[in-house]
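All remarks here apply to the structure that follows.
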There are 2 protein chains.
Amino acid sequence: MARKKQTEIRWEFGKLVDPSPEQLQHEAASRHLYGHDIIDAVKEGRMAPAPPVGPSTGPTTYRVIGQGMADIHAVELVTGRAKYSTDRYPSGTLYAAVLRSPYPHARVRSIDVSEALKLEGVMGVITFNDVPKPATRAVLAEEPSFAGEGVAAVAAINPGVADDALRLIKVEYEQLPFVLDAREALRPGAPLVRSGLRTNANRDPQFSYRRGDVNAGFSQADLVIEWKTQTQWEQHVAMEPHVAVAQWDRDDKLTIYTSSQYVHSMRDGIANVLGMPQSKVRVISEFMGGGWGDKTGWLPYHIVAAVLAKKTGRPVRYELTRKDVFLEAGHNYPKYHELRLGFKRDGTLVAGWSRSWIPSGAWGARANTDDVESALRLYKCENWDVEGYAAATNTFVAGPLRSVGEPAGQYAIETAMNIAAEKLNMDPVEIRLKNIEERVDQVTNLPYSSCGIRECIVQGAAAFDWKNKWKGWQRQRDLTKPVRGVGMMAFAAAKGGKSAPMTAQCIIDRDGSARVICGAGNIGSGQRTTFLMIASETLGIPLERMTITMPDTEYTTDTGVIAGSRGTKSVGSAVQAAVLDAKQKLLQNAAGRMRVPVDDLDVVDGVIIQKSNPTNRLTIAEAVASGTVVVDQQTFAVSTAIVGNASLPPPSGYSQKTFGAGFYEVEVDPGTGEVRVLSVVQAHDSGKIINPLAAENQVHGGILHGMNKALTEELIFDPATGVPVNTNLDDYKLHMINKTPPNIKVIFVETNDVLGPFGAKGLGEPANMPGLAAIANAIHDAIGIPMNQSPFTPYRIVKAIRSA
Amino acid sequence: MARKKQTEIRWEFGKLVDPSPEQLQHEAASRHLYGHDIIDAVKEGRMAPAPPVGPSTGPTTYRVIGQGMADIHAVELVTGRAKYSTDRYPSGTLYAAVLRSPYPHARVRSIDVSEALKLEGVMGVITFNDVPKPATRAVLAEEPSFAGEGVAAVAAINPGVADDALRLIKVEYEQLPFVLDAREALRPGAPLVRSGLRTNANRDPQFSYRRGDVNAGFSQADLVIEWKTQTQWEQHVAMEPHVAVAQWDRDDKLTIYTSSQYVHSMRDGIANVLGMPQSKVRVISEFMGGGWGDKTGWLPYHIVAAVLAKKTGRPVRYELTRKDVFLEAGHNYPKYHELRLGFKRDGTLVAGWSRSWIPSGAWGARANTDDVESALRLYKCENWDVEGYAAATNTFVAGPLRSVGEPAGQYAIETAMNIAAEKLNMDPVEIRLKNIEERVDQVTNLPYSSCGIRECIVQGAAAFDWKNKWKGWQRQRDLTKPVRGVGMMAFAAAKGGKSAPMTAQCIIDRDGSARVICGAGNIGSGQRTTFLMIASETLGIPLERMTITMPDTEYTTDTGVIAGSRGTKSVGSAVQAAVLDAKQKLLQNAAGRMRVPVDDLDVVDGVIIQKSNPTNRLTIAEAVASGTVVVDQQTFAVSTAIVGNASLPPPSGYSQKTFGAGFYEVEVDPGTGEVRVLSVVQAHDSGKIINPLAAENQVHGGILHGMNKALTEELIFDPATGVPVNTNLDDYKLHMINKTPPNIKVIFVETNDVLGPFGAKGLGEPANMPGLAAIANAIHDAIGIPMNQSPFTPYRIVKAIRSA
């Protein structure tokens with residue numbers, strides 16, 4: 001396995017130490033390939049000095065960390081025993097369905113639910129009049145502002161009756177003008193997205209950034225690339241649809257089973273909308289079938305289920321149909337990007353100008369348009385002028401999808417870099433190595449907490465055999481038959497860092513087993529196993545004797561969302577701190593009992609030992625109960641468990657980024673436009689890899705996800721009616737597992753991050769970042785034409801070839 | 001309501017202060033009744049000085065404490081929404097049944113399960129060969145040592161198939177000698193109860209106590225009463241039968257839904273028997289339909305369900321049939337008691353001699369035979385000689401039932417006191433008031449943490465109108481028609497105290513609502529409401545904004561059993577301490593933010609105020625998040641919740657007892673032997689009453705329970721076969737609610753216990769203590785004959801009258 005070999009390379013704070021024979025061989029290859037000695041330069045400090053970082057967070061050899069471990073839930077998952085929220089059917093459950101607006105913007109003139117109520121088996125009907133009206137999003141709307149927004153809902157004894165009842169609700173709509181495009185929405189005279197919401201009232205950019213003097217920069221440039229890209233609407237398409245099973249335990253206490261990356265945010269949101277204390281709303285999400293950023297906060301379906309459950313006095317289950325998901329849930333927004341980059345003749349980037357626009361939908365959170373920022377950090381360049389615009393539109397509600405806007409930004413930047421390389425007749429790898437900045441984040445002027453970008457590019461190129469596979473720009477391409485090409489990209493991702501809130505608890509039970517109490521979402525990427533590995537390594541109790549709780553707001557504290565690839569670094573740090581707190585209390589008890597200094601004690605394989613005299617031991621059971629009191633001649637244990645608790649502040653003083661590079665080989669059929677991905681190498685600096693098995697799986701999944709983004713996924717609006725036309729899994733195309741490239745190689749450049757638990761950083765989102773830009777560049781290499789609109793469907797490929 | 005009036009009386013450390021008009025009137029009545037001025041004596045310190053206690057634990061006026069509140073779960077309970085463990089049917093559930101020995105002692109010569117396995121729908125069969133063999137109790141027995149001990153078990157697709165399968169298991173037994181009676185079991189030559197368990201090998205008393213010189217005491221006595229009593233086998237007959245729904249989430253993680261007073265003990269026991277870490281066993285018991293002491297630890301049914309679930313790979317549900325419950329579960333043991341008491345002519349008790357014997361069953365824990373100890377404390381008497389014996393027998397397994405052995409001990413002592421009163425022609429109330437000791441526990445020489453025994457007797461007698469209802473001893477009784485009588489008893493109960501472990505956590509969420517994390521059993525007596533009242537009063541957050549978790553070992557720490565009436569005082573103290581810990585952290589955060597000393601802050605109605613300047617306020621949300629850090633120009637909250645934690649040591653320096661007196665009026669039909677209870681007054685010193693509504697309900701239930709004990713409940717063995725004959729609810733008689741006495745009056749003498757939260761003590765068991773002894777005494781008063789064997793069935797009443 002590629003991983004196994006790579007993890008033998010030891011890194012310390014971005015510097016490679018004690019190279020192994022394989023590594024020396026690899027270094028030699030690097031020298032040969034690029035004509036300069038990168039490794040020596042790093043070692044001698046001439047190039048990219050290591051950031052000024054603190055002490056190592058742990059030993060270099062570990063008992064658990066770094067072992068490839070199967071997910072602790074593997075058996076439950078593969079045997080079907082795992083309980084998803086879609087598996088919840090409390091006794092007496094009713095089934096909800098929602099009537100949705102067929103128009104992108106309309107006002108309900110009249111609504112008549114009387115016939116629906118008469119249908120046998122219908123237990124309750126509600127309309128927009130029966131639900132709270134939060135300012136941030138309609139639960140049910142009197143003035144629907146996108147096609148698919150709900151106006152009424154029913155609860156019935158089975159889903160068929162519920163569906164029938166929807167057809168009996170009579171609604172008279174007044175259709176209103178609508179706008180779908182961000183730039184159109186910002187123009188004077190554009191229609192109102194919703195009464196009182198005039199998108200073009202504020203035309204300031206959502207994001208702007210300037211550095212140096214961009215005009216002076218361009219005036220120095222020998223080459224200026226002007227480039228425009230457009231990406232597409234996407235949905236997350238989690239295997240488990242959104243669901244809320246709401247039951248009122250009593251009139252003032254609500255329990256909701258839902259599929260959630262962030263039960264505490266949902267709890268707080270639902271409590272807020274319903275005007276309830278947070279303590280009276282319980283949100284549970286044990287297993288979930290994917291989230292990808294779309295299951296982080298409350299959505300209308302939660303409130304619909306809760307209100308119907310209250311009204312009917314029975315549990316109400318609202319499992320969104322796939323079409324409901326496509327309409328009601330979040331969507332990755334399409335981005336239109338205008339970019340200008342200036343280069344010196346030797347490939348040095350000297351100026352950058354960027355404008356981008358996204359539609360955020362009728363109720364969108366201010367969607368992230370600062371996704372060009374990776375490039376601001378990745379490449380040394382003194383002159384930048386960046387503005388990003390987001391506009392409310394009568395479209396899907398925009399929200400984060402794995403990696404959020406970064407792949408779209410990287411697509412713009414990294415394809416432009418490729419075009420520049422072509423114009424300058426440079427190796428795409430070389431132009432990137434020339435420009436990367438490894439030490440200091442140029443936006444914040446903070447040192448990186450770790451940075452392995454150079455090694456990612458170098459090792460990735462070597463593993464891909466870039467030297468031989470890339471045939472150079474100045475070659476003749478025969479487009480009468482399938483043609484191969486290679487493309488690469490590099491990235492610095494604002495994902496995978498450490499951020500507040502970070503809380504956890506740890507309970508050591510009297511038999512020396514332990515529990516981690518943690519409310520982090522169980523998103524399915526094996527992070528609970530990672531947390532437990534961190535806990536076991538820290539505590540010294542074997543992993544087999546430890547458990548970690550499921551996400552349930554009744555018992556846990558908010559430790560932030562499982563998104564932004566923050567789980568391992570943030571929640572992992574919280575878990576580690578809680579475990580350390582418990583361990584300290586345990587050792588203090590033991591120190592009193594053993595009459596040795598607490599600093600001389602440790603836990604090894606579940607037993608407390610004196611470090612200076614390892615035969616002096618105490619069981620954990622004895623230490624847990626060591627606070628004893630004699631009352632009436634009987635000895636009582638003061639404690640039956642030790643409780644550790646942690647709440648960490650967000651870190652400061654460092655810029656936290658993950659880094660990586662992707663190398664893709666494709667074969668394009670110029671006749672049909674079909675693109676096949678043949679081989680992939682992705683090299684990631686995600687710090688220390690806690691669980692290599694899970695990490696490699698994560699990257700494999702990310703590669704497929706990136707391929708979908710590049711080649712297939714696209715939600716399409718009919719511009720005439722404003723209605724999306726392919727809200728189903730027949731017409732919305734996804735690659736299946738049979739499209740997995742025959743060759744995938746994953747490399748981990750294990751920097752030792754100064755802030756992460758055991759030096760770890762995040763990986764989930766970095767894993768899907770390379771696909772879009774690298775495949776675009778591979779197609780560019782194959783057919784000689786850069787692609788400016790994703791996904792690169794057969795139609796667009798053929799069209800590009802014919803236009804050229 | 002009686003309660004309302006009584007709670008207006010303010011007590012401070014056992015002394016009555018600032019008497020109200022009603023109270024003065026009541027005092028006058030007391031003076032009149034007993035010819036001496038009790039109240040003045042107490043006030044002037046001549047009589048029963050207040051114990052040397054510490055400072056008050058709270059203010060004398062409360063916001064929540066002392067309000068009669070409906071159970072927080074009332075709506076769930078009465079609407080049927082509450083989920084009991086018997087309501088759990090995970091998908092794929094199999095149903096277990098157990099084949100039980102028909103003999104009280106036998107050895108299985110052969111067992112053939114092949115026919116059972118062939119039955120369609122049978123998914124697994126196990127025998128004693130397939131289960132662990134813990135030393136303390138057989139899961140399934142090769143040598144069953146009581147009639148009803150399991151030998152094999154099946155899991156099938158429905159209960160009917162499981163039951164059919166049992167009939168197909170062929171077992172050949174070798175019958176072995178057995179012994180049912182404790183005294184017989186202790187005789188030389190008695191049969192072995194089980195191979196290797198020779199009961200008579202150790203004939204030492206289980207409990208012995210001596211004080212003073214009992215022979216010298218008797219030689220001073222003007223009157224010596226010799227008296228023998230016998231009580232009966234009883235079962236708890238909880239409405240919800242014992243149940244275990246076992247599912248293996250994965251091969252090494254077991255979840256069991258069960259009906260439990262003590263989920264942590266069950267977890268630890270099951271983990272121990274199965275050889276698993278405690279952290280890998282999850283025991284959940286949300287709502288339960290009664291426990292009465294019988295659902296505190298693991299029993300065979302838990303292990304049977306777990307082993308069958310492992311074997312079949314499916315969830316297995318074993319809900320005991322009522323007959324199973326009668327056979328497998330715990331039983332209150334019958335006690336044979338020989339007693340000798342010596343009195344001076346004026347009623348002073350000068351000597352006591354006591355011997356008692358109980359059968360503890362084949363696997364019984366050392367059942368409590370020290371139940372005469374109440375009397376050792378209750379009455380000043382310098383000379384005592386007490387021994388109690390417990391013997392293993394081939395009977396039901398003995399275990400605690402509400403109040404354990406105390407009612408049987410009180411029955412012996414208090415009926416003997418009544419006989420003494422008759423012989424001395426004294427008022428039964430007077431003889432008790434003459435002998436009670438109120439200050440110091442004479443066994444431990446520790447001061448009482450509070451003691452209201454005198455006021456219980458005085459106020460109870462006044463409320464009952466004892467003066468008029470009791471007609472004196474020297475009267476003619478006409479036994480040709482129904483005849484009325486009154487009886488009373490007093491008690492000092494070793495129940496209702498504070499004991500370790502005491503642990504809890506408290507989480508204050510950022511919206512200013514709060515959660516109590518507590519694993520205490522939800523036994524159904526409203527204690528969770530009590531805990532929440534204590535938490536709300538302590539924290540200053542309205543009760544409506546607080547919740548308390550359900551018993552679930554996955555998330556909670558062991559806070560001891562909900563039994564021994566320890567919940568309010570022990571768990572309540574832990575909850576209070578955890579809440580105070582959280583409150584202190586909250587106020588520390590607020591002090592920093594408000595720049596005032598933390599001591600000058602408090603939480604009032606959910607808002608933090610400066611005590612010296614109440615207009616200076618801070619919301620809890622602000623204080624929770626007040627640890628903020630600015631990173632990259634963004635402000636982050638360090639915390640989204642505050643976590644408080646407590647683990648209290650057991651108290652020392654005090655004797656903790658609850659006190660009370662019961663007054664019963666009965667009508668006996670001498671022709672049929674039927675006894676009807678007409679009116680009851682119970683006066684309780686259970687310290688400060690947190691929730692008067694729940695407390696009064698608890699006493700009403702206790703009265704019914706005591707009536708059953710006195711009049712109906714009795715499990716009977718056939719002495720020839722050793723088989724119990726009435727293991728069903730037709731033949732095992734219980735009073736239904738229609739036997740509730742028409743007049744019940746409950747009085748709370750609210751002492752302010754120095755150790756209890758807000759001065760509270762326990763009440764659950766004290767509530768059922770008076771019935772047995774007081775009804776015996778009332779029958780004695782009615783028919784002129786003391787009853788020496790319970791229950792006082794029509795047969796025994798008629799027999800006693802005919803014998804007299």
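Here's how to read the names in the structure tokens: chain A, B, ... by the order shown, residue numbers from 1 in each chain, ligand numbers from 1 in the order shown.
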Shell around Asp249 (chain B) at 12 Å using only C-alpha atoms, local window under 3 positions removed, as a PDB file with N, CA, C and O atoms, in the first residue's frame:
ATOM      1  N   ILE A  72     -15.087   1.303  14.630  1.00  0.00           N
ATOM      2  CA  ILE A  72     -15.648   0.589  15.788  1.00  0.00           C
ATOM      3  C   ILE A  72     -17.075   0.121  15.516  1.00  0.00           C
ATOM      4  O   ILE A  72     -17.559  -0.790  16.172  1.00  0.00           O
ATOM      5  N   HIS A  73     -17.738   0.739  14.564  1.00  0.00           N
ATOM      6  CA  HIS A  73     -19.111   0.348  14.255  1.00  0.00           C
ATOM      7  C   HIS A  73     -19.202  -0.539  13.013  1.00  0.00           C
ATOM      8  O   HIS A  73     -20.302  -0.749  12.497  1.00  0.00           O
ATOM      9  N   ALA A  74     -18.070  -1.035  12.552  1.00  0.00           N
ATOM     10  CA  ALA A  74     -18.077  -1.761  11.277  1.00  0.00           C
ATOM     11  C   ALA A  74     -19.104  -2.899  11.276  1.00  0.00           C
ATOM     12  O   ALA A  74     -19.869  -3.062  10.318  1.00  0.00           O
ATOM     13  N   VAL A  75     -19.139  -3.669  12.358  1.00  0.00           N
ATOM     14  CA  VAL A  75     -20.055  -4.818  12.391  1.00  0.00           C
ATOM     15  C   VAL A  75     -21.505  -4.361  12.321  1.00  0.00           C
ATOM     16  O   VAL A  75     -22.307  -4.889  11.553  1.00  0.00           O
ATOM     17  N   GLU A  76     -21.838  -3.339  13.129  1.00  0.00           N
ATOM     18  CA  GLU A  76     -23.214  -2.824  13.084  1.00  0.00           C
ATOM     19  C   GLU A  76     -23.574  -2.343  11.685  1.00  0.00           C
ATOM     20  O   GLU A  76     -24.676  -2.547  11.205  1.00  0.00           O
ATOM     21  N   LEU A  77     -22.612  -1.661  11.067  1.00  0.00           N
ATOM     22  CA  LEU A  77     -22.907  -1.045   9.776  1.00  0.00           C
ATOM     23  C   LEU A  77     -23.122  -2.100   8.702  1.00  0.00           C
ATOM     24  O   LEU A  77     -24.072  -2.020   7.924  1.00  0.00           O
ATOM     25  N   VAL A  78     -22.253  -3.108   8.666  1.00  0.00           N
ATOM     26  CA  VAL A  78     -22.368  -4.064   7.565  1.00  0.00           C
ATOM     27  C   VAL A  78     -23.419  -5.132   7.819  1.00  0.00           C
ATOM     28  O   VAL A  78     -23.866  -5.790   6.887  1.00  0.00           O
ATOM     29  N   THR A  79     -23.834  -5.306   9.088  1.00  0.00           N
ATOM     30  CA  THR A  79     -24.875  -6.296   9.354  1.00  0.00           C
ATOM     31  C   THR A  79     -26.255  -5.669   9.381  1.00  0.00           C
ATOM     32  O   THR A  79     -27.245  -6.373   9.557  1.00  0.00           O
ATOM     33  N   GLY A  80     -26.323  -4.351   9.224  1.00  0.00           N
ATOM     34  CA  GLY A  80     -27.635  -3.711   9.238  1.00  0.00           C
ATOM     35  C   GLY A  80     -28.198  -3.491  10.626  1.00  0.00           C
ATOM     36  O   GLY A  80     -29.351  -3.111  10.773  1.00  0.00           O
ATOM     37  N   ARG A  81     -27.395  -3.743  11.657  1.00  0.00           N
ATOM     38  CA  ARG A  81     -27.912  -3.526  13.008  1.00  0.00           C
ATOM     39  C   ARG A  81     -27.922  -2.042  13.389  1.00  0.00           C
ATOM     40  O   ARG A  81     -28.615  -1.654  14.317  1.00  0.00           O
ATOM     41  N   ALA A  82     -27.098  -1.256  12.694  1.00  0.00           N
ATOM     42  CA  ALA A  82     -26.992   0.164  13.044  1.00  0.00           C
ATOM     43  C   ALA A  82     -28.341   0.840  12.836  1.00  0.00           C
ATOM     44  O   ALA A  82     -28.989   0.649  11.810  1.00  0.00           O
ATOM     45  N   LYS A  83     -28.754   1.636  13.808  1.00  0.00           N
ATOM     46  CA  LYS A  83     -30.047   2.307  13.742  1.00  0.00           C
ATOM     47  C   LYS A  83     -29.858   3.722  13.209  1.00  0.00           C
ATOM     48  O   LYS A  83     -29.242   4.569  13.854  1.00  0.00           O
TER      49      LYS A  83
ATOM     50  N   PRO B  90     -37.251  -4.092  19.763  1.00  0.00           N
ATOM     51  CA  PRO B  90     -36.370  -3.748  18.632  1.00  0.00           C
ATOM     52  C   PRO B  90     -36.706  -4.643  17.439  1.00  0.00           C
ATOM     53  O   PRO B  90     -37.166  -5.773  17.623  1.00  0.00           O
ATOM     54  N   ALA B 246     -32.356  -7.593  25.349  1.00  0.00           N
ATOM     55  CA  ALA B 246     -30.902  -7.536  25.155  1.00  0.00           C
ATOM     56  C   ALA B 246     -30.583  -7.469  23.677  1.00  0.00           C
ATOM     57  O   ALA B 246     -31.120  -8.232  22.875  1.00  0.00           O
ATOM     58  N   ASP B 252     -18.994  -6.889  20.818  1.00  0.00           N
ATOM     59  CA  ASP B 252     -18.459  -6.599  22.143  1.00  0.00           C
ATOM     60  C   ASP B 252     -19.198  -5.477  22.849  1.00  0.00           C
ATOM     61  O   ASP B 252     -18.693  -4.908  23.799  1.00  0.00           O
ATOM     62  N   LYS B 253     -20.392  -5.152  22.382  1.00  0.00           N
ATOM     63  CA  LYS B 253     -21.136  -4.063  23.025  1.00  0.00           C
ATOM     64  C   LYS B 253     -22.584  -4.477  23.185  1.00  0.00           C
ATOM     65  O   LYS B 253     -23.275  -4.753  22.200  1.00  0.00           O
ATOM     66  N   LEU B 254     -23.015  -4.511  24.429  1.00  0.00           N
ATOM     67  CA  LEU B 254     -24.345  -5.021  24.769  1.00  0.00           C
ATOM     68  C   LEU B 254     -25.207  -3.896  25.318  1.00  0.00           C
ATOM     69  O   LEU B 254     -24.768  -3.144  26.187  1.00  0.00           O
ATOM     70  N   THR B 255     -26.431  -3.795  24.801  1.00  0.00           N
ATOM     71  CA  THR B 255     -27.412  -2.874  25.381  1.00  0.00           C
ATOM     72  C   THR B 255     -28.562  -3.689  25.941  1.00  0.00           C
ATOM     73  O   THR B 255     -29.073  -4.588  25.269  1.00  0.00           O
ATOM     74  N   ILE B 256     -28.940  -3.380  27.172  1.00  0.00           N
ATOM     75  CA  ILE B 256     -30.076  -4.069  27.794  1.00  0.00           C
ATOM     76  C   ILE B 256     -31.070  -3.039  28.307  1.00  0.00           C
ATOM     77  O   ILE B 256     -30.730  -2.184  29.120  1.00  0.00           O
ATOM     78  N   LYS B 280     -18.714  -1.315  28.132  1.00  0.00           N
ATOM     79  CA  LYS B 280     -19.278  -1.969  26.954  1.00  0.00           C
ATOM     80  C   LYS B 280     -20.666  -2.553  27.215  1.00  0.00           C
ATOM     81  O   LYS B 280     -21.223  -3.243  26.363  1.00  0.00           O
ATOM     82  N   VAL B 281     -21.173  -2.330  28.408  1.00  0.00           N
ATOM     83  CA  VAL B 281     -22.531  -2.778  28.731  1.00  0.00           C
ATOM     84  C   VAL B 281     -23.355  -1.531  29.015  1.00  0.00           C
ATOM     85  O   VAL B 281     -22.975  -0.711  29.842  1.00  0.00           O
ATOM     86  N   ARG B 282     -24.443  -1.376  28.293  1.00  0.00           N
ATOM     87  CA  ARG B 282     -25.315  -0.220  28.482  1.00  0.00           C
ATOM     88  C   ARG B 282     -26.652  -0.712  29.017  1.00  0.00           C
ATOM     89  O   ARG B 282     -27.299  -1.545  28.395  1.00  0.00           O
ATOM     90  N   ALA B 306     -29.148 -12.006  27.342  1.00  0.00           N
ATOM     91  CA  ALA B 306     -27.900 -11.598  26.677  1.00  0.00           C
ATOM     92  C   ALA B 306     -27.260 -12.774  25.947  1.00  0.00           C
ATOM     93  O   ALA B 306     -26.786 -12.632  24.813  1.00  0.00           O
ATOM     94  N   ALA B 309     -29.297 -13.669  22.916  1.00  0.00           N
ATOM     95  CA  ALA B 309     -29.124 -12.643  21.870  1.00  0.00           C
ATOM     96  C   ALA B 309     -27.795 -12.830  21.154  1.00  0.00           C
ATOM     97  O   ALA B 309     -27.705 -12.689  19.933  1.00  0.00           O
ATOM     98  N   LYS B 310     -26.780 -13.167  21.900  1.00  0.00           N
ATOM     99  CA  LYS B 310     -25.464 -13.399  21.288  1.00  0.00           C
ATOM    100  C   LYS B 310     -25.540 -14.626  20.387  1.00  0.00           C
ATOM    101  O   LYS B 310     -25.042 -14.609  19.248  1.00  0.00           O
ATOM    102  N   GLY B 313     -27.870 -13.840  17.365  1.00  0.00           N
ATOM    103  CA  GLY B 313     -27.557 -12.660  16.549  1.00  0.00           C
ATOM    104  C   GLY B 313     -28.734 -11.718  16.389  1.00  0.00           C
ATOM    105  O   GLY B 313     -28.754 -10.888  15.482  1.00  0.00           O
ATOM    106  N   ARG B 314     -29.716 -11.864  17.259  1.00  0.00           N
ATOM    107  CA  ARG B 314     -30.885 -10.978  17.185  1.00  0.00           C
ATOM    108  C   ARG B 314     -31.224 -10.445  18.577  1.00  0.00           C
ATOM    109  O   ARG B 314     -30.807 -11.033  19.570  1.00  0.00           O
ATOM    110  N   PRO B 315     -31.962  -9.339  18.642  1.00  0.00           N
ATOM    111  CA  PRO B 315     -32.374  -8.889  19.981  1.00  0.00           C
ATOM    112  C   PRO B 315     -33.259  -9.950  20.626  1.00  0.00           C
ATOM    113  O   PRO B 315     -34.084 -10.572  19.945  1.00  0.00           O
TER     114      PRO B 315
END
Residue list for chain B near chain A as a PyMOL selection string, 7 Å, only C-alpha atoms = chain B and resi 75-76+81+249-250+277-280+500-501+511+513-515+517+545-547+549+554-555+557-558+629+631+636-641+647-650+652
Show which residues sit within 10 Å of Gln610 (chain A), as a PDB file with N, CA and C atoms, in the first residue's frame. Count only C-alpha atoms, and ignore same-chain residues fewer than 6 positions away.
ATOM      1  N   ALA A 590      -4.419   8.172  42.805  1.00  0.00           N
ATOM      2  CA  ALA A 590      -3.436   7.098  42.932  1.00  0.00           C
ATOM      3  C   ALA A 590      -2.205   7.571  43.697  1.00  0.00           C
ATOM      4  N   ALA A 591      -1.806   8.818  43.459  1.00  0.00           N
ATOM      5  CA  ALA A 591      -0.611   9.341  44.127  1.00  0.00           C
ATOM      6  C   ALA A 591      -0.801   9.334  45.644  1.00  0.00           C
ATOM      7  N   MET A 594      -0.660   5.624  46.659  1.00  0.00           N
ATOM      8  CA  MET A 594       0.651   4.973  46.506  1.00  0.00           C
ATOM      9  C   MET A 594       1.762   5.765  47.196  1.00  0.00           C
ATOM     10  N   VAL A 596       3.359   8.416  46.181  1.00  0.00           N
ATOM     11  CA  VAL A 596       4.442   8.824  45.280  1.00  0.00           C
ATOM     12  C   VAL A 596       3.969  10.103  44.587  1.00  0.00           C
ATOM     13  N   PRO A 597       4.897  10.909  44.065  1.00  0.00           N
ATOM     14  CA  PRO A 597       4.467  12.145  43.395  1.00  0.00           C
ATOM     15  C   PRO A 597       3.629  11.830  42.158  1.00  0.00           C
ATOM     16  N   VAL A 598       2.643  12.633  41.902  1.00  0.00           N
ATOM     17  CA  VAL A 598       1.742  12.383  40.778  1.00  0.00           C
ATOM     18  C   VAL A 598       2.500  12.409  39.447  1.00  0.00           C
ATOM     19  N   ASP A 599       3.554  13.217  39.387  1.00  0.00           N
ATOM     20  CA  ASP A 599       4.320  13.303  38.140  1.00  0.00           C
ATOM     21  C   ASP A 599       5.049  12.003  37.824  1.00  0.00           C
ATOM     22  N   ASP A 600       5.211  11.171  38.821  1.00  0.00           N
ATOM     23  CA  ASP A 600       5.940   9.909  38.628  1.00  0.00           C
ATOM     24  C   ASP A 600       4.983   8.775  38.243  1.00  0.00           C
ATOM     25  N   LEU A 601       3.716   9.114  37.949  1.00  0.00           N
ATOM     26  CA  LEU A 601       2.733   8.067  37.638  1.00  0.00           C
ATOM     27  C   LEU A 601       2.272   8.157  36.187  1.00  0.00           C
ATOM     28  N   ASP A 602       1.914   7.017  35.639  1.00  0.00           N
ATOM     29  CA  ASP A 602       1.291   6.986  34.320  1.00  0.00           C
ATOM     30  C   ASP A 602       0.363   5.774  34.257  1.00  0.00           C
ATOM     31  N   VAL A 603      -0.487   5.769  33.222  1.00  0.00           N
ATOM     32  CA  VAL A 603      -1.343   4.605  32.997  1.00  0.00           C
ATOM     33  C   VAL A 603      -0.797   3.864  31.790  1.00  0.00           C
ATOM     34  N   VAL A 604      -0.506   2.609  31.973  1.00  0.00           N
ATOM     35  CA  VAL A 604       0.015   1.783  30.879  1.00  0.00           C
ATOM     36  C   VAL A 604      -0.826   0.516  30.800  1.00  0.00           C
ATOM     37  N   ASN A 616       5.826  -1.007  40.917  1.00  0.00           N
ATOM     38  CA  ASN A 616       4.860  -0.407  41.848  1.00  0.00           C
ATOM     39  C   ASN A 616       3.610  -0.016  41.065  1.00  0.00           C
ATOM     40  N   ARG A 617       2.536  -0.762  41.282  1.00  0.00           N
ATOM     41  CA  ARG A 617       1.347  -0.619  40.446  1.00  0.00           C
ATOM     42  C   ARG A 617       0.081  -0.495  41.283  1.00  0.00           C
ATOM     43  N   LEU A 618      -0.931   0.050  40.666  1.00  0.00           N
ATOM     44  CA  LEU A 618      -2.242   0.142  41.310  1.00  0.00           C
ATOM     45  C   LEU A 618      -3.289  -0.054  40.209  1.00  0.00           C
TER      46      LEU A 618
END
query = What does the distance between CA of Val245 (chain A) and CA of Arg88 (chain A) come to in Å, to one decimal place?
reply =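 Computed distance, CA of Val245 (chain A) to CA of Arg88 (chain A), equals 7.0 Å.
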